[in-house]
$ cat data_3.cif   # mmCIF, C-alpha atoms
data_target
#
loop_
_atom_site.label_atom_id
_atom_site.label_comp_id
_atom_site.auth_asym_id
_atom_site.auth_seq_id
_atom_site.Cartn_x
_atom_site.Cartn_y
_atom_site.Cartn_z
CA MET A 1 107.00 62.52 108.85
CA ALA A 2 106.30 58.96 107.77
CA PRO A 3 103.53 57.12 109.61
CA THR A 4 104.63 54.35 111.90
CA ALA A 5 103.04 50.93 112.12
CA THR A 6 100.24 50.79 114.63
CA PRO A 7 99.08 47.66 116.43
CA GLY A 8 95.67 46.76 115.09
CA PRO A 9 92.69 44.77 116.30
CA GLN A 10 93.39 41.15 117.03
CA GLY A 11 90.62 38.60 116.78
CA ASP A 12 89.59 36.27 113.99
CA ALA A 13 92.37 33.96 112.77
CA GLY A 14 94.20 35.50 109.84
CA ARG A 15 93.26 39.09 110.57
CA LEU A 16 96.34 41.27 110.32
CA PRO A 17 96.98 44.35 112.45
CA VAL A 18 96.50 47.89 111.25
CA ARG A 19 99.55 49.14 109.42
CA ALA A 20 100.65 52.39 107.83
CA ALA A 21 100.00 52.69 104.11
CA THR A 22 102.90 53.11 101.69
CA PRO A 23 103.05 54.31 98.08
CA ALA A 24 102.65 50.66 97.03
CA ASP A 25 99.13 50.71 98.55
CA ALA A 26 97.94 53.61 96.38
CA GLU A 27 96.16 51.52 93.76
CA ALA A 28 94.38 49.33 96.31
CA ILE A 29 93.20 52.43 98.22
CA ILE A 30 91.96 54.05 95.00
CA ARG A 31 90.07 50.87 94.08
CA MET A 32 88.46 50.80 97.54
CA ARG A 33 87.40 54.41 96.97
CA SER A 34 86.04 53.59 93.53
CA GLN A 35 84.03 50.57 94.66
CA TYR A 36 82.81 51.51 98.12
CA VAL A 37 82.91 55.31 98.51
CA LEU A 38 82.01 57.00 95.24
CA SER A 39 78.46 56.96 93.93
CA ALA A 40 79.67 55.29 90.72
CA PRO A 41 82.86 53.28 90.08
CA MET A 42 85.69 54.99 88.21
CA THR A 43 86.98 53.85 84.86
CA GLU A 44 90.36 52.11 84.68
CA GLU A 45 91.84 55.29 83.22
CA TRP A 46 90.71 57.32 86.22
CA ILE A 47 91.97 54.63 88.61
CA ARG A 48 95.36 54.83 86.92
CA ARG A 49 95.42 58.64 87.07
CA CYS A 50 94.42 58.72 90.74
CA THR A 51 96.98 56.03 91.61
CA VAL A 52 99.74 58.05 89.96
CA GLU A 53 98.57 61.08 91.96
CA LEU A 54 98.27 59.35 95.34
CA GLY A 55 101.43 57.21 95.30
CA PRO A 56 103.99 60.01 95.85
CA ARG A 57 101.73 61.71 98.37
CA LEU A 58 101.87 58.61 100.58
CA ALA A 59 105.66 58.92 100.78
CA PRO A 60 107.19 60.37 103.98
CA GLU A 61 107.59 63.79 102.36
CA GLY A 62 104.05 63.76 100.95
CA ASP A 63 100.84 65.16 102.43
CA ALA A 64 98.78 61.95 102.53
CA ARG A 65 98.64 59.50 105.40
CA GLY A 66 96.83 56.19 105.30
CA PHE A 67 96.24 53.14 107.47
CA VAL A 68 95.00 49.79 106.27
CA VAL A 69 93.95 46.36 107.44
CA ASP A 70 95.04 43.47 105.21
CA ALA A 71 92.95 40.34 104.79
CA SER A 72 94.50 36.87 104.74
CA ASP A 73 93.66 36.45 101.04
CA GLY A 74 95.72 39.49 100.10
CA VAL A 75 92.73 41.78 99.57
CA MET A 76 92.70 45.10 101.40
CA ALA A 77 90.04 44.68 104.08
CA ALA A 78 89.80 48.33 105.18
CA CYS A 79 91.56 51.64 104.75
CA ALA A 80 91.46 55.23 105.98
CA LEU A 81 93.14 58.10 104.14
CA GLY A 82 93.81 61.62 105.40
CA LEU A 83 95.22 64.63 103.54
CA ILE A 84 97.21 67.22 105.50
CA HIS A 85 97.19 70.90 104.59
CA PRO A 86 98.26 74.16 106.27
CA VAL A 87 95.77 76.68 107.65
CA LEU A 88 96.14 79.98 109.43
CA PRO A 89 96.64 79.29 113.14
CA ALA A 90 93.86 79.97 115.63
CA ARG A 91 93.37 79.35 119.32
CA SER A 92 91.69 76.00 118.67
CA TYR A 93 94.30 74.87 116.10
CA PRO A 94 97.50 76.75 117.05
CA ARG A 95 99.84 74.51 115.02
CA GLY A 96 98.33 75.71 111.77
CA LEU A 97 97.84 72.21 110.40
CA ALA A 98 94.57 70.62 109.35
CA ALA A 99 93.65 67.27 107.87
CA ARG A 100 90.69 66.09 105.87
CA VAL A 101 89.66 62.48 106.34
CA GLN A 102 89.35 61.86 102.63
CA LEU A 103 87.98 58.34 102.71
CA VAL A 104 87.23 55.38 104.95
CA ALA A 105 86.26 52.13 103.24
CA THR A 106 85.74 48.51 104.26
CA HIS A 107 85.44 45.55 101.91
CA PRO A 108 81.91 44.05 102.20
CA ASP A 109 83.36 40.67 103.27
CA HIS A 110 85.03 42.29 106.29
CA ARG A 111 82.39 44.67 107.60
CA ARG A 112 81.02 44.75 111.15
CA ARG A 113 84.33 43.54 112.59
CA GLY A 114 85.63 46.88 113.84
CA HIS A 115 87.93 47.45 110.87
CA ALA A 116 86.68 50.98 110.11
CA ARG A 117 86.99 52.01 113.74
CA ALA A 118 90.53 50.60 113.87
CA VAL A 119 91.88 52.38 110.78
CA VAL A 120 90.21 55.68 111.68
CA SER A 121 91.59 55.50 115.22
CA ALA A 122 95.09 54.80 113.91
CA LEU A 123 94.86 57.64 111.39
CA LEU A 124 93.64 60.21 113.91
CA ASP A 125 96.18 59.16 116.53
CA HIS A 126 99.02 59.46 114.04
CA LEU A 127 97.89 62.81 112.65
CA ALA A 128 97.44 64.34 116.10
CA ASP A 129 100.38 62.83 117.98
CA VAL A 130 102.99 62.56 115.23
CA GLU A 131 102.09 65.18 112.62
CA ASP A 132 100.83 67.83 115.10
CA VAL A 133 97.54 68.20 113.21
CA THR A 134 94.94 69.87 115.43
CA LEU A 135 92.01 70.60 113.08
CA PHE A 136 90.16 67.69 111.45
CA GLU A 137 87.33 67.73 108.90
CA LEU A 138 85.37 65.11 107.02
CA HIS A 139 82.25 64.46 104.98
CA THR A 140 80.28 61.33 105.75
CA SER A 141 76.85 59.74 105.58
CA ALA A 142 74.16 60.01 108.24
CA GLU A 143 74.63 56.29 108.95
CA ALA A 144 78.36 56.65 109.63
CA ALA A 145 78.18 59.94 111.56
CA PRO A 146 77.75 58.26 115.01
CA LEU A 147 81.14 56.56 114.61
CA TYR A 148 82.88 59.89 114.06
CA ARG A 149 81.03 61.54 116.91
CA GLU A 150 82.56 58.89 119.17
CA PHE A 151 85.98 60.16 118.11
CA GLY A 152 85.01 63.76 118.94
CA PHE A 153 83.71 65.11 115.62
CA SER A 154 80.63 67.31 115.67
CA GLY A 155 78.36 68.99 113.18
CA ASP A 156 76.28 67.91 110.24
CA PRO A 157 77.44 64.84 108.25
CA ALA A 158 78.04 67.15 105.27
CA LEU A 159 80.82 68.80 107.30
CA MET A 160 81.97 67.34 110.60
CA ARG A 161 84.86 68.98 112.44
CA MET A 162 87.05 68.30 115.45
CA THR A 163 89.96 69.99 117.18
CA ARG A 164 92.33 67.64 118.93
CA HIS A 165 95.70 68.26 120.51
CA SER A 166 98.53 65.82 120.97
CA THR A 167 98.55 64.24 124.41
CA SER A 168 102.25 65.10 124.64
CA ALA A 169 101.91 68.68 123.46
CA VAL A 170 103.03 71.47 125.79
CA PRO A 171 100.04 73.72 126.60
CA LEU A 172 100.20 77.11 124.94
CA PRO A 173 100.50 80.13 127.26
CA ASP A 174 96.99 81.34 126.42
CA ALA A 175 95.27 77.95 126.70
CA ARG A 176 92.00 78.10 128.58
CA ALA A 177 92.21 76.77 132.12
CA ASP A 178 88.61 75.65 131.98
CA SER A 179 88.66 72.21 130.34
CA SER A 180 84.97 72.54 129.49
CA TRP A 181 85.65 75.45 127.13
CA VAL A 182 84.80 74.68 123.51
CA PRO A 183 86.27 76.70 120.64
CA PRO A 184 83.64 78.89 118.95
CA GLU A 185 84.12 77.14 115.60
CA GLN A 186 83.52 73.72 117.14
CA HIS A 187 80.54 74.98 119.15
CA ALA A 188 78.97 76.43 115.99
CA GLN A 189 79.33 73.10 114.21
CA SER A 190 77.62 71.28 117.09
CA LEU A 191 74.49 73.43 117.03
CA PRO A 192 71.32 71.89 115.53
CA LYS A 193 70.69 72.88 111.94
CA ALA A 194 67.41 74.22 110.53
CA VAL A 195 66.16 75.49 107.17
CA ALA A 196 64.28 78.80 107.27
CA PHE A 197 61.35 79.53 104.96
CA VAL A 198 59.16 82.57 104.40
CA CYS A 199 55.55 82.62 103.17
CA LEU A 200 53.20 85.40 102.14
CA TYR A 201 49.51 84.98 102.95
CA VAL A 202 47.42 86.74 100.30
CA THR A 203 43.64 86.87 99.81
CA ASP A 204 41.22 88.54 97.49
CA GLU A 205 39.03 91.42 98.66
CA HIS A 206 36.56 88.91 100.13
CA ASP A 207 39.25 87.31 102.34
CA ARG A 208 39.40 84.16 100.24
CA PRO A 209 42.96 82.71 100.36
CA LEU A 210 45.05 82.69 97.21
CA GLN A 211 47.18 79.57 96.66
CA LEU A 212 49.65 78.59 93.94
CA HIS A 213 49.64 75.15 92.32
CA SER A 214 53.06 73.48 92.36
CA VAL A 215 54.51 71.70 89.32
CA TYR A 216 57.27 70.00 91.34
CA SER A 217 55.78 68.98 94.71
CA PRO A 218 52.91 66.48 94.51
CA GLY A 219 53.01 66.14 98.31
CA HIS A 220 52.20 69.87 98.68
CA PRO A 221 50.14 70.65 95.57
CA TRP A 222 48.81 74.03 96.77
CA HIS A 223 50.69 76.49 98.91
CA MET A 224 51.30 80.13 99.68
CA ILE A 225 53.78 82.37 97.92
CA GLY A 226 57.22 81.81 99.41
CA GLY A 227 60.32 79.64 99.67
CA ALA A 228 63.61 79.04 101.45
CA MET A 229 65.72 81.95 102.64
CA ASP A 230 69.18 82.41 101.17
CA LEU A 231 72.21 82.44 103.46
CA GLY A 232 72.42 85.79 105.26
CA GLU A 233 69.12 87.01 103.81
CA ARG A 234 66.69 88.89 106.05
CA PRO A 235 63.19 87.34 106.25
CA TRP A 236 61.30 90.24 104.72
CA ASP A 237 63.89 90.63 101.96
CA ALA A 238 63.32 86.93 101.19
CA VAL A 239 59.56 87.55 101.01
CA VAL A 240 60.04 90.38 98.51
CA ARG A 241 62.39 88.23 96.40
CA GLU A 242 60.19 85.12 96.43
CA CYS A 243 57.07 87.15 95.64
CA ARG A 244 58.74 88.79 92.66
CA GLU A 245 60.20 85.50 91.39
CA GLU A 246 56.97 83.51 91.74
CA THR A 247 54.30 86.05 90.78
CA GLY A 248 55.97 89.15 89.33
CA MET A 249 54.34 91.15 92.13
CA THR A 250 56.16 93.42 94.58
CA ALA A 251 55.23 92.70 98.19
CA ALA A 252 54.19 95.85 100.03
CA GLY A 253 55.20 96.38 103.64
CA PRO A 254 55.48 97.09 106.40
CA PRO A 255 56.15 93.46 107.43
CA ARG A 256 53.43 91.94 109.60
CA LEU A 257 54.10 88.46 110.95
CA LEU A 258 51.05 86.18 111.10
CA ALA A 259 52.50 82.82 112.10
CA THR A 260 55.58 80.83 113.06
CA VAL A 261 55.55 77.19 111.89
CA PHE A 262 58.12 74.64 113.08
CA GLY A 263 58.74 71.16 111.66
CA GLN A 264 60.80 68.29 113.10
CA PRO A 265 63.48 66.56 111.00
CA ARG A 266 62.36 63.50 109.05
CA ALA A 267 64.11 60.71 107.13
CA ARG A 268 64.12 62.59 103.82
CA ARG A 269 64.49 66.00 105.46
CA PRO A 270 67.39 65.83 107.93
CA TYR A 271 66.97 69.40 109.20
CA SER A 272 64.28 71.09 111.23
CA THR A 273 62.24 73.68 109.33
CA LEU A 274 61.14 77.11 110.50
CA GLN A 275 58.56 79.05 108.51
CA LEU A 276 57.70 82.73 109.01
CA VAL A 277 54.34 83.60 107.46
CA PHE A 278 53.73 87.27 106.68
CA ASP A 279 50.54 89.11 105.73
CA GLY A 280 50.50 89.97 102.04
CA GLY A 281 47.25 91.90 102.18
CA ARG A 282 44.21 91.79 99.88
CA LEU A 283 44.40 91.87 96.09
CA THR A 284 41.79 93.06 93.64
CA ASP A 285 40.56 90.75 90.90
CA ALA A 286 42.60 92.76 88.40
CA GLN A 287 45.78 92.32 90.48
CA ILE A 288 45.20 88.58 90.72
CA ARG A 289 44.69 88.29 86.97
CA ALA A 290 47.93 90.23 86.46
CA LEU A 291 50.07 87.74 88.41
CA THR A 292 52.83 86.29 86.25
CA LEU A 293 53.72 82.78 87.42
CA ASN A 294 57.11 81.16 86.98
CA PRO A 295 56.27 78.06 84.88
CA ARG A 296 59.15 76.12 86.44
CA GLU A 297 57.42 76.37 89.82
CA HIS A 298 53.68 76.98 89.40
CA ASP A 299 51.04 76.59 86.73
CA GLU A 300 47.97 78.13 88.40
CA ALA A 301 46.92 80.75 90.95
CA ARG A 302 43.52 80.06 92.46
CA VAL A 303 41.24 81.83 94.97
CA LEU A 304 38.72 79.82 97.01
CA PRO A 305 36.83 80.16 100.28
CA LEU A 306 38.84 78.65 103.13
CA THR A 307 36.66 75.56 103.55
CA GLU A 308 36.97 74.66 99.87
CA TRP A 309 40.75 74.36 100.20
CA GLU A 310 40.54 71.49 102.68
CA PRO A 311 39.94 68.62 100.20
CA LEU A 312 42.67 69.91 97.89
CA MET A 313 45.64 69.64 100.25
CA PRO A 314 47.11 67.42 102.98
CA ALA A 315 45.71 67.83 106.49
CA HIS A 316 48.78 69.61 107.89
CA ASP A 317 48.84 72.03 104.94
CA PHE A 318 45.22 72.96 105.57
CA ALA A 319 45.85 73.23 109.32
CA ARG A 320 48.56 75.79 108.58
CA LEU A 321 46.29 77.72 106.20
CA ARG A 322 43.49 77.76 108.73
CA ALA A 323 45.81 78.93 111.52
CA VAL A 324 47.13 81.76 109.35
CA GLU A 325 43.61 82.85 108.39
CA GLU A 326 42.64 82.87 112.08
CA ALA A 327 45.73 84.93 112.94
CA ARG A 328 44.85 87.62 110.43
CA ARG A 329 41.21 87.67 111.50
CA THR A 330 41.93 87.91 115.24
CA GLY A 331 45.19 89.84 115.20
CA VAL A 332 46.87 87.14 117.34
CA ALA A 333 49.94 85.55 115.76
CA ALA A 334 49.74 81.77 115.33
CA TYR A 335 52.32 79.22 116.47
CA MET A 336 52.50 75.67 115.13
CA ASP A 337 55.11 73.05 116.04
CA THR A 338 53.59 69.96 114.41
CA TRP A 339 54.33 70.83 110.76
CA GLY A 340 54.79 67.64 108.78
CA ASN A 341 53.69 65.40 111.68
CA ALA A 342 50.20 64.80 110.34
#
$ encode --input "data_3.cif" --output "structure tokens"
Amino acid sequence: MAPTATPGPQGDAGRLPVRAATPADAEAIIRMRSQYVLSAPMTEEWIRRCTVELGPRLAPEGDARGFVVDASDGVMAACALGLIHPVLPARSYPRGLAARVQLVATHPDHRRRGHARAVVSALLDHLADVEDVTLFELHTSAEAAPLYREFGFSGDPALMRMTRHSTSAVPLPDARADSSWVPPEQHAQSLPKAVAFVCLYVTDEHDRPLQLHSVYSPGHPWHMIGGAMDLGERPWDAVVRECREETGMTAAGPPRLLATVFGQPRARRPYSTLQLVFDGGRLTDAQIRALTLNPREHDEARVLPLTEWEPLMPAHDFARLRAVEEARRTGVAAYMDTWGNA
């Protein structure tokens, strides 16, 4: 169904209302995408190819819907584009239609005037109330995510989702009476995200910690054997894999947890981190000499008394090492929740 014109924001003289995009707007939308959405502008050949692709899809029988704001000088001030596609129905999207908000762009001369909010609002209203789309997805930046959360999207900026039903839709027979109920898919997307790591604490026979020297992380030059868990991987299986990949050694069980280390999100690390540190036991000098390091990750394995590690690493790295050493010595598991705060 073709999108209908939607009254847009009124304000500054010369600002036109939001209107539905037509096939004639395809090139302008593609150029907005090229200049203000993609990491690098497209060549003229790619702009031509994408325009040829998008034009027919903006027709009433196509699967693309767009809304734009025109500037008085004829330049497109803002645009929002959504692509409709079928999905298998579910309780939270019973119509079996989904839409991806493909792009939202505003010309630099027209930013901070509510244009993006206006075109997104018009697009979502049309898709939900006219096209019967109930499942919405988009990818955005951390800076723009708050705008979409206002519309009802949830989840990480890399994949935000929303279910929305037309205000005129007749409730389905199995609709939940409790208006506070949230579909499981939407609830899962709203949960805080964290990255899980595993570490293996290894010493020599004199209880001197063994650390590996990183070739890629100057901020953490020395650290324990370990790394990030793969999706669906069990913690101890991750330990065995990381140990084999980094040292050529097979970690011997049974698993014994020494410490749990939590880190808050930071600007360059948008997720929380959770580290599980296991006891890797004591190695003989011969076993240490036999370690085979992965040169893409480490260039040295060194054993030192605990106190001699302190000047070689950041304060929070040494605090973790000291806590893990104490946990093995006392038999009481350590807990840290200030990782990365020092």
$ closest_residue --input "data_3.cif" --among "A:Leu103, A:Leu312, A:Leu97, A:Leu276" --to "His223 of chain A" --atoms "only C-alpha atoms"
A:Leu312
$ atom_distance --input "data_3.cif" --atom1 "atom CA of His316 of chain A" --atom2 "atom CA of Leu291 of chain A"
26.6 Å
$ residues_near_point --input "data_3.cif" --point "(51.7, 76.5, 111.7)" --cutoff "7 Å" --atoms "all atoms listed in the file" --output "list in words"
Ala259, Thr260, Val261, Phe262, Arg320, Ala323, Ala334, Tyr335, Met336, Asp337 and Trp339 of chain A
$ resolve_selection --input "data_3.cif" --expression "the PyMOL selection byres ((chain A and resi 304-308) around 8)" --output "list in words"
Asp207, Arg208, Pro209, Leu210, Arg302, Val303, Trp309, Glu310, Pro311, Leu312 and Arg322 of chain A
$ residues_around --input "data_3.cif" --residues "Pro218 of chain A" --least-positions-apart "3" --cutoff "12 Å" --atoms "all atoms listed in the file" --output "PDB file with C-alpha atoms, in the frame of the given file"
ATOM      1  CA  HIS A 213      49.640  75.150  92.320  1.00  0.00           C
ATOM      2  CA  SER A 214      53.060  73.480  92.360  1.00  0.00           C
ATOM      3  CA  VAL A 215      54.510  71.700  89.320  1.00  0.00           C
ATOM      4  CA  PRO A 221      50.140  70.650  95.570  1.00  0.00           C
ATOM      5  CA  TRP A 222      48.810  74.030  96.770  1.00  0.00           C
ATOM      6  CA  HIS A 223      50.690  76.490  98.910  1.00  0.00           C
ATOM      7  CA  GLU A 297      57.420  76.370  89.820  1.00  0.00           C
ATOM      8  CA  HIS A 298      53.680  76.980  89.400  1.00  0.00           C
ATOM      9  CA  LEU A 312      42.670  69.910  97.890  1.00  0.00           C
ATOM     10  CA  MET A 313      45.640  69.640 100.250  1.00  0.00           C
ATOM     11  CA  PRO A 314      47.110  67.420 102.980  1.00  0.00           C
TER      12      PRO A 314
END
$ resolve_selection --input "data_3.cif" --expression "the PyMOL selection byres ((chain A and resi 244) around 12)" --output "JSON, numbers by chain"
{"A": [200, 225, 226, 227, 237, 238, 239, 240, 241, 242, 243, 245, 246, 247, 248, 249, 250, 251, 252, 291, 292, 293, 294]}
$ closest_residue --input "data_3.cif" --among "A:Glu45, A:Asp204, A:Arg256, A:His115" --to "Ala286 of chain A" --atoms "only C-alpha atoms"
A:Asp204
$ residues_around --input "data_3.cif" --residues "Ala105 of chain A" --least-positions-apart "4" --cutoff "12 Å" --atoms "only C-alpha atoms" --output "PyMOL selection string"
chain A and resi 28-38+66-69+76-81+101+109-111+114-120+140+144
$ closest_residue --input "data_3.cif" --among "A:Thr106, A:Ser141, A:Thr338, A:Ser72" --to "Pro270 of chain A" --atoms "all atoms listed in the file"
A:Ser141
$ residues_around --input "data_3.cif" --residues "Phe136 of chain A" --least-positions-apart "6" --cutoff "8 Å" --atoms "all atoms listed in the file" --output "list of chain:residue names"
A:Ala98, A:Ala99, A:Arg100, A:Val101, A:Arg161, A:Met162, A:Thr163, A:Arg164
$ resolve_selection --input "data_3.cif" --expression "the PyMOL selection byres ((chain A and resi 22) around 10)" --output "short mmCIF file (atom, residue, chain, number, x, y, z; two decimals) with C-alpha atoms, in the frame of the given file"
data_model
loop_
_atom_site.label_atom_id
_atom_site.label_comp_id
_atom_site.auth_asym_id
_atom_site.auth_seq_id
_atom_site.Cartn_x
_atom_site.Cartn_y
_atom_site.Cartn_z
CA ALA A 2 106.30 58.96 107.77
CA PRO A 3 103.53 57.12 109.61
CA ARG A 19 99.55 49.14 109.42
CA ALA A 20 100.65 52.39 107.83
CA ALA A 21 100.00 52.69 104.11
CA PRO A 23 103.05 54.31 98.08
CA ALA A 24 102.65 50.66 97.03
CA ASP A 25 99.13 50.71 98.55
CA ALA A 26 97.94 53.61 96.38
CA GLY A 55 101.43 57.21 95.30
CA PRO A 56 103.99 60.01 95.85
CA ARG A 57 101.73 61.71 98.37
CA LEU A 58 101.87 58.61 100.58
CA ALA A 59 105.66 58.92 100.78
CA PRO A 60 107.19 60.37 103.98
CA ALA A 64 98.78 61.95 102.53
CA ARG A 65 98.64 59.50 105.40
CA GLY A 66 96.83 56.19 105.30
CA PHE A 67 96.24 53.14 107.47
CA VAL A 68 95.00 49.79 106.27
#
$ atom_distance --input "data_3.cif" --atom1 "atom CA of Leu54 of chain A" --atom2 "atom CA of Ala142 of chain A"
27.4 Å
$ atom_distance --input "data_3.cif" --atom1 "atom CA of Leu83 of chain A" --atom2 "atom CA of Leu127 of chain A"
9.7 Å
$ closest_residue --input "data_3.cif" --among "A:Val202, A:Leu274, A:Ile47, A:Met224" --to "Phe318 of chain A" --atoms "only C-alpha atoms"
A:Met224
$ build_atoms --input "data_3.cif" --residues "segment 229-237 of chain A" --atoms "all heavy atoms" --output "mmCIF file, in the coordinates of the input"
data_model
loop_
_atom_site.group_PDB
_atom_site.id
_atom_site.type_symbol
_atom_site.label_atom_id
_atom_site.label_comp_id
_atom_site.auth_asym_id
_atom_site.auth_seq_id
_atom_site.Cartn_x
_atom_site.Cartn_y
_atom_site.Cartn_z
ATOM 1 N N MET A 229 64.869 80.762 102.558
ATOM 2 C CA MET A 229 65.720 81.950 102.640
ATOM 3 C C MET A 229 67.120 81.605 102.179
ATOM 4 O O MET A 229 67.624 80.517 102.410
ATOM 5 C CB MET A 229 65.753 82.467 104.087
ATOM 6 C CG MET A 229 64.441 83.025 104.574
ATOM 7 S SD MET A 229 64.483 83.440 106.351
ATOM 8 C CE MET A 229 65.928 84.494 106.447
ATOM 9 N N ASP A 230 67.775 82.564 101.535
ATOM 10 C CA ASP A 230 69.180 82.410 101.170
ATOM 11 C C ASP A 230 70.057 82.716 102.381
ATOM 12 O O ASP A 230 69.620 83.390 103.335
ATOM 13 C CB ASP A 230 69.543 83.364 100.027
ATOM 14 C CG ASP A 230 68.879 82.976 98.715
ATOM 15 O OD1 ASP A 230 68.506 81.793 98.580
ATOM 16 O OD2 ASP A 230 68.730 83.857 97.843
ATOM 17 N N LEU A 231 71.285 82.218 102.356
ATOM 18 C CA LEU A 231 72.210 82.440 103.460
ATOM 19 C C LEU A 231 72.437 83.925 103.680
ATOM 20 O O LEU A 231 72.787 84.656 102.754
ATOM 21 C CB LEU A 231 73.543 81.742 103.166
ATOM 22 C CG LEU A 231 74.606 81.809 104.262
ATOM 23 C CD1 LEU A 231 74.114 81.083 105.506
ATOM 24 C CD2 LEU A 231 75.914 81.214 103.775
ATOM 25 N N GLY A 232 72.211 84.390 104.913
ATOM 26 C CA GLY A 232 72.420 85.790 105.260
ATOM 27 C C GLY A 232 71.284 86.712 104.877
ATOM 28 O O GLY A 232 71.356 87.928 105.145
ATOM 29 N N GLU A 233 70.237 86.190 104.271
ATOM 30 C CA GLU A 233 69.120 87.010 103.810
ATOM 31 C C GLU A 233 68.158 87.300 104.961
ATOM 32 O O GLU A 233 67.843 86.424 105.766
ATOM 33 C CB GLU A 233 68.380 86.283 102.694
ATOM 34 C CG GLU A 233 67.367 87.115 101.952
ATOM 35 C CD GLU A 233 66.780 86.361 100.767
ATOM 36 O OE1 GLU A 233 66.661 85.111 100.846
ATOM 37 O OE2 GLU A 233 66.444 87.010 99.757
ATOM 38 N N ARG A 234 67.682 88.539 105.042
ATOM 39 C CA ARG A 234 66.690 88.890 106.050
ATOM 40 C C ARG A 234 65.318 88.349 105.630
ATOM 41 O O ARG A 234 65.017 88.284 104.428
ATOM 42 C CB ARG A 234 66.612 90.412 106.223
ATOM 43 C CG ARG A 234 67.899 91.040 106.730
ATOM 44 C CD ARG A 234 67.776 92.556 106.788
ATOM 45 N NE ARG A 234 69.033 93.180 107.131
ATOM 46 C CZ ARG A 234 69.462 93.402 108.376
ATOM 47 N NH1 ARG A 234 68.691 93.050 109.395
ATOM 48 N NH2 ARG A 234 70.620 93.979 108.590
ATOM 49 N N PRO A 235 64.474 87.967 106.611
ATOM 50 C CA PRO A 235 63.190 87.340 106.250
ATOM 51 C C PRO A 235 62.342 88.176 105.308
ATOM 52 O O PRO A 235 61.821 87.649 104.318
ATOM 53 C CB PRO A 235 62.516 87.133 107.613
ATOM 54 C CG PRO A 235 63.661 86.963 108.570
ATOM 55 C CD PRO A 235 64.725 87.902 108.065
ATOM 56 N N TRP A 236 62.167 89.458 105.589
ATOM 57 C CA TRP A 236 61.300 90.240 104.720
ATOM 58 C C TRP A 236 61.920 90.438 103.334
ATOM 59 O O TRP A 236 61.215 90.447 102.320
ATOM 60 C CB TRP A 236 60.955 91.599 105.332
ATOM 61 C CG TRP A 236 60.013 92.389 104.473
ATOM 62 C CD1 TRP A 236 60.286 93.503 103.755
ATOM 63 C CD2 TRP A 236 58.642 92.077 104.191
ATOM 64 N NE1 TRP A 236 59.187 93.921 103.058
ATOM 65 C CE2 TRP A 236 58.150 93.067 103.312
ATOM 66 C CE3 TRP A 236 57.778 91.069 104.609
ATOM 67 C CZ2 TRP A 236 56.848 93.063 102.834
ATOM 68 C CZ3 TRP A 236 56.478 91.073 104.135
ATOM 69 C CH2 TRP A 236 56.014 92.052 103.262
ATOM 70 N N ASP A 237 63.243 90.556 103.268
ATOM 71 C CA ASP A 237 63.890 90.630 101.960
ATOM 72 C C ASP A 237 63.637 89.349 101.169
ATOM 73 O O ASP A 237 63.462 89.388 99.941
ATOM 74 C CB ASP A 237 65.398 90.841 102.125
ATOM 75 C CG ASP A 237 65.742 92.212 102.680
ATOM 76 O OD1 ASP A 237 64.881 93.106 102.590
ATOM 77 O OD2 ASP A 237 66.850 92.381 103.202
#
